[in-house]
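What follows is a set of notes on a single structure, which appears directly below.
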Amino acid sequence: MFNKVQKFIALSLLVLVQLGCSENDPQLALKRVAQHLNVTYRLVSNVDVAGCADHFDTACFQSTLSLSLASNNSAEFDLYFSHIAPIKWDGHPTLDIEHINGDLHKISFPANAFTSGSVNIDFKAAFWHANHSDIMPNYFVAAQGLAPELVKNTIPAKDDVYGLDVVLHKDAFTDQTQTRRGGTDNLPLADSEWFYEHFAAHTATKFTDDSHRIIPKVKSHVIADGEVLTLNDGMNIDWGRFTVNNAITELYSTKLSDNENAVSVRLALNSGLGEFAYQLNVSNSGIQVIAGSGVAVQYALISLWQLAQDNSLPLGEIEDEPRFNFRGVHFDLSRNFLGKEQVIQLIQQMFLLKLNKLHLHLADDEGWRLEIPGLPELTEIGAYRCFDLAENECLLPQLGSGIDKDANVNGYLSQADYLDILQYAKARHIEVIPSFDLPGHAREAVKSMEARYRTLNAAGKPEQAKEFLLTDFEDTTVYSSVQFYKDNTVNPCIESTYHFVDTVIDAVQRMHKEAGAALSTYHIGADETAGAWKESPKCAALIAANDDLNSVDDLKPYFLKRVINIVKSKGLVPAGWSDGMHKVVNDATNKDLQVNVWDTLFWGGHKIADEFASKNWMTVLSLPDVSYFDFPYANNPLETGYYWASKNTDTLKVFQLMPDNLAANALQWVGRMGTPYEATSASALQIYDGVQAQIWSEAVRTPETFQYLMYPRLYAFAERAWHKAAWEVEFEPNKTYEFAGDKGQHSEAQRQDWWSFSKALTKAIANGLPGNVNVRIPEPGVKSANGKLLANSAWNGLTIEVREADGQWKRYATSSAITSNKQVEFRAVVPGTQRVSRTVVLP
């Protein structure tokens with residue numbers, strides 16, 4: 001065994017050897033820089049930053065990047081990093097921050113740059129950074145002719161409660177100028193005292209304690225007082241004329257029995273009920289399900305499974321049917337690829353919550369995620385981000401992806417993977433809607449097809465090279481997309497673009513057919529293209545030759561009409577996002593077009609939804625105010641997620657949604673900056689076809705983060721998608737609504753229903769409804785009053801625990817409020833489980 005002196009000598013010799021080797025080996029020298037370069041990202045202020053107008057047409061913030069290296073390097077190197085807001089000014093006299101593309105930036109360091117040991121670079125960027133998750137991980141260094149190396153102290157760690165990424169190179173945000181988004185941000189910081197008041201305002205002092213409530217809530221449940229049917233001998237499902245639902249038998253695996261005393265579950269068809277409606281009768285003689293279809297049978301048996309968790313059932317009758325026929329979830333696999341397993345897990349959760357549409361976002365700027373026969377470049381190149389500035393092997397690094405093709409955010413679904421997903425979903429009566437974004441948000445396709453062109457052209461095959469090209473190489477237009485790309489839009493003026501679209505749709509349609517899950521709806525994206533094509537010779541020629549085109553502004557509608565017609569020609573329903581589809585809103589007045597309305601309510605989004613619905617579009621509400629689950633749960637820098645439309649989307653807010661009367665949500669919600677707004681309802685009630693929850697994955701790099709953001713909000717979303725609450729404000733024409741907070745006309749009834757729902761939610765989690773998913777448990781609210789620490793909970797049924805200093809956790813009781821001069825910690829616990837919240841530490 002080495003003693004301490006021997007260890008010190010050995011380590012010193014190792015360092016000397018490394019230093020000596022690095023002098024002769026440039027790669028080792030670069031590796032040493034990556035190992036020892038210390039990066040610190042410090043946010044200076046989001047508020048009242050001087051000089052913003054000189055560089056930006058919007059708000060800006062200022063930060064400092066501090067870099068230190070213990071030993072001065074002798075060679076040149078470049079530092080690359082992701083920064084989601086483009087940096088347009090830096091204050092260093094000799095070093096410049098260069099914006100490469102998208103969020104990728106570069107600083108070039110000359111030889112011997114660290115003679116003083118450290119370098120500080122002040123800079124300004126657009127908008128704001130108000131959450132820790134805004135700061136991207138995985139900086140890397142590179143030098144000519146050498147392999148890049150990740151900077152060690154920017155590789156994220158994991159938190160010890162949820163396993164979320166923790167960026168170590170940031171300074172914590174502790175000042176209001178860091179947590180506010182400019183001077184107009186009035187949204188209060190969600191600290192422990194704010195949580196206490198927030199939870200108190202939505203706690204019901206009186207409510208109906210419905211121990212048999214399930215999620216989503218059924219339309220009607222009449223219970224015979226005190227009488228139950230015991231299930232100790234299991235159940236036996238008599239499928240009769242219905243096809244056996246293997247997903248249901250798998251769900252019931254521990255409850256099914258051939259025992260002669262098993263409770264019989266009899267199924268009957270009544271088409272008069274409606275396709276998705278069912279009745280469930282529990283009596284002493286057994287259980288009877290009467291359903292409008294096999295799908296309705298599935299819904300009935302899922303309800304029965306939830307009710308049977310306590311191994312007994314109350315006698316009584318249930319009548320139930322869904323509120324909306326379209327109850328969807330959008331999963332962005334493109335920005336960061338989380339793999340087939342997460343899709344399968346999500347489908348299982350959707351199955352249990354009676355959700356029925358899975359919108360898979362399979363292509364966007366940062367990655368193409370589905371294998372397409374005949375176009376291997378889409379996945380061989382477009383499914384990966386690594387360090388290849390020429391983009392012959394992969395796309396540029398983005399979103400903190402790092403340098404390696406084998407990084408966990410890279411990859412794609414093989415055809416076999418996709419078939420498995422389709423079949424798994426079909427077995428649970430869930431329709432998969434594939435989405436490949438065009439004409440913007442398409443950099444992955446553009447660059448993949450450019451790489452294909454270069455390869456085939458170099459091989460002397462110029463015609464094949466052009467076959468699927470999406471680029472006019474003579475186009476000199478300078479533009480910047482919403483995500484700050486300068487080259488992410490397909491050219492609508494060349495025929496190869498439409499050949500590409502046609503080929504992809506055909507391939508996807510064949511996969512669905514092979515899986516036995518016919519493709520019904522194809523989502524074309526259609527959103528966010530601005531400033532492109534102005535200097536494209538191909539587009540100038542098309543406009544000159546086409547009497548229906550007067551300017552570049554007509555090109556997007558032209559493109560959308562052509563692609564919509566391609567989709568329709570294959571017997572499919574075209575779908576797209578509202579900003580793009582609004583370009584052609586007057587060109588179709590029937591139900592063969594679907595629109596996802598993603599306009600925010602506080603900016604008048606209800607008017608856009610009403611316009612589409614009034615023109616008979618299939619209108620699906622995809623509201624960022626409340627159904628973007630990549631947004632933070634609360635206005636606290638520790639909460640992860642983007643927040644351009646909402647910085648406080650907790651489970652309660654999702655539960656509060658009133659989708660039939662969108663304007664009335666102004667009664668209970670404020671705008672993104674915490675300012676109340678007014679909304680006036682339309683002159684006539686418009687009927688929407690459904691609702692969709694979204695999770696975009698720019699800030700979602702791991703399965704743990706995906707699950708944390710999705711659950712439990714998905715349970716509240718399922719509640720509103722399936723069940724209309726009695727407290728929802730009914731539509732009145734031309735009525736103006738303004739903020740009333742928790743004093744609105746519907747608030748007391750809503751509080752009672754929320755307290756009942758949250759108890760059912762706690763019970764469902766305790767009973768294992770989520771399986772192994774990473775469910776976020778809300779931390780307690782804590783405040784000091786009269787020298788004592790008081791705590792409360794967001795949900796009915798959670799247990800609050802407390803401990804002093806390093807003591808043992810013990811149950812907190814309001815009757816024994818804590819008085820202590822020591823550090824005190826609080827947490828919430830789901831009873832009977834290991835699921836806990838973050839710890840609240842005071843002082």
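Every chain in the structure tokens takes a letter, A first, then B, and so on in the order presented; its residues are numbered from 1, and the ligands are numbered from 1 following the presented order.
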
- Item | Those in segment 539-772 of chain A with alpha helix (DSSP H) from DSSP, as a ChimeraX atom specification | /A:539-545,555-569,578-581,605-614,624-627,651-656,703-710,713-722,747-766

Please build the interface table for segment 541-565 of chain A against segment 472-489 of chain A with a cut-off of 12 Å, listing for each qualifying residue the nearest atom pair and the distance in Å to one decimal; count only C-alpha atoms, order rows by chain and increasing number, and write it as a Markdown table.
| residue | atom | partner | partner_atom | distance |
| --- | --- | --- | --- | --- |
| A:Ala541 | CA | A:Asp472 | CA | 12.0 |
| A:Val552 | CA | A:Thr477 | CA | 11.7 |
| A:Lys556 | CA | A:Thr489 | CA | 10.9 |
| A:Phe559 | CA | A:Thr489 | CA | 11.9 |

- Item | A:Arg385, A:Arg701, A:Arg32, A:His92 ranked by distance to Lys447 of chain A, top pick (using only C-alpha atoms) | A:Arg385

- Task: Pick out the residues sitting within 8 Å of Ala517 of chain A, and hand them over as a list in words; count only C-alpha atoms, and ignore anything fewer than 3 positions along from it in its own chain.
- Result: Leu422, Gln423, Lys426, His512, Lys513 and Glu514 of chain A

- Task: In Å, rounded to a single decimal, give me how far atom CA of Gln345 of chain A is from atom CA of Arg713 of chain A.
- Result: 15.6 Å

- From the list A:Ala721, A:Leu104, A:Val654, A:Leu375, the nearest residue to Val620 of chain A using only C-alpha atoms is A:Ala721

- Item | Surrounding residues of Leu709 of chain A excluding itself and chain neighbours under 3 positions, 7 Å, only C-alpha atoms, as a list in words |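 Residues near the query, excluding close chain neighbours: Phe629, Asp630, Thr705 and Phe706 of chain A.
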
Export all heavy atoms of the chosen residues as a PDB file, in the first residue's frame?
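The file below, selection25.pdb, is the result:
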ATOM      1  N   PHE A 629     -45.609  20.801 -22.238  1.00  0.00           N
ATOM      2  CA  PHE A 629     -45.062  20.202 -21.032  1.00  0.00           C
ATOM      3  C   PHE A 629     -43.535  20.251 -20.974  1.00  0.00           C
ATOM      4  O   PHE A 629     -42.935  19.701 -20.034  1.00  0.00           O
ATOM      5  CB  PHE A 629     -45.563  18.769 -20.878  1.00  0.00           C
ATOM      6  CG  PHE A 629     -47.045  18.675 -20.589  1.00  0.00           C
ATOM      7  CD1 PHE A 629     -47.694  17.452 -20.610  1.00  0.00           C
ATOM      8  CD2 PHE A 629     -47.780  19.803 -20.291  1.00  0.00           C
ATOM      9  CE1 PHE A 629     -49.054  17.361 -20.352  1.00  0.00           C
ATOM     10  CE2 PHE A 629     -49.144  19.731 -20.023  1.00  0.00           C
ATOM     11  CZ  PHE A 629     -49.782  18.505 -20.053  1.00  0.00           C
ATOM     12  N   ASP A 630     -42.911  20.907 -21.943  1.00  0.00           N
ATOM     13  CA  ASP A 630     -41.480  21.205 -21.816  1.00  0.00           C
ATOM     14  C   ASP A 630     -41.262  22.533 -21.101  1.00  0.00           C
ATOM     15  O   ASP A 630     -40.122  22.958 -20.919  1.00  0.00           O
ATOM     16  CB  ASP A 630     -40.801  21.225 -23.182  1.00  0.00           C
ATOM     17  CG  ASP A 630     -41.510  22.131 -24.175  1.00  0.00           C
ATOM     18  OD1 ASP A 630     -42.708  21.907 -24.408  1.00  0.00           O
ATOM     19  OD2 ASP A 630     -40.880  23.057 -24.725  1.00  0.00           O
ATOM     20  N   THR A 705     -35.513  13.424 -17.570  1.00  0.00           N
ATOM     21  CA  THR A 705     -36.075  14.756 -17.740  1.00  0.00           C
ATOM     22  C   THR A 705     -37.410  14.693 -18.467  1.00  0.00           C
ATOM     23  O   THR A 705     -38.371  15.386 -18.102  1.00  0.00           O
ATOM     24  CB  THR A 705     -35.096  15.655 -18.517  1.00  0.00           C
ATOM     25  OG1 THR A 705     -33.857  15.713 -17.811  1.00  0.00           O
ATOM     26  CG2 THR A 705     -35.650  17.065 -18.667  1.00  0.00           C
ATOM     27  N   PHE A 706     -37.491  13.860 -19.505  1.00  0.00           N
ATOM     28  CA  PHE A 706     -38.753  13.695 -20.232  1.00  0.00           C
ATOM     29  C   PHE A 706     -39.868  13.275 -19.285  1.00  0.00           C
ATOM     30  O   PHE A 706     -40.964  13.853 -19.290  1.00  0.00           O
ATOM     31  CB  PHE A 706     -38.573  12.648 -21.338  1.00  0.00           C
ATOM     32  CG  PHE A 706     -39.861  12.179 -21.942  1.00  0.00           C
ATOM     33  CD1 PHE A 706     -40.557  12.968 -22.835  1.00  0.00           C
ATOM     34  CD2 PHE A 706     -40.398  10.943 -21.614  1.00  0.00           C
ATOM     35  CE1 PHE A 706     -41.754  12.545 -23.387  1.00  0.00           C
ATOM     36  CE2 PHE A 706     -41.594  10.504 -22.154  1.00  0.00           C
ATOM     37  CZ  PHE A 706     -42.270  11.317 -23.048  1.00  0.00           C
TER      38      PHE A 706
END
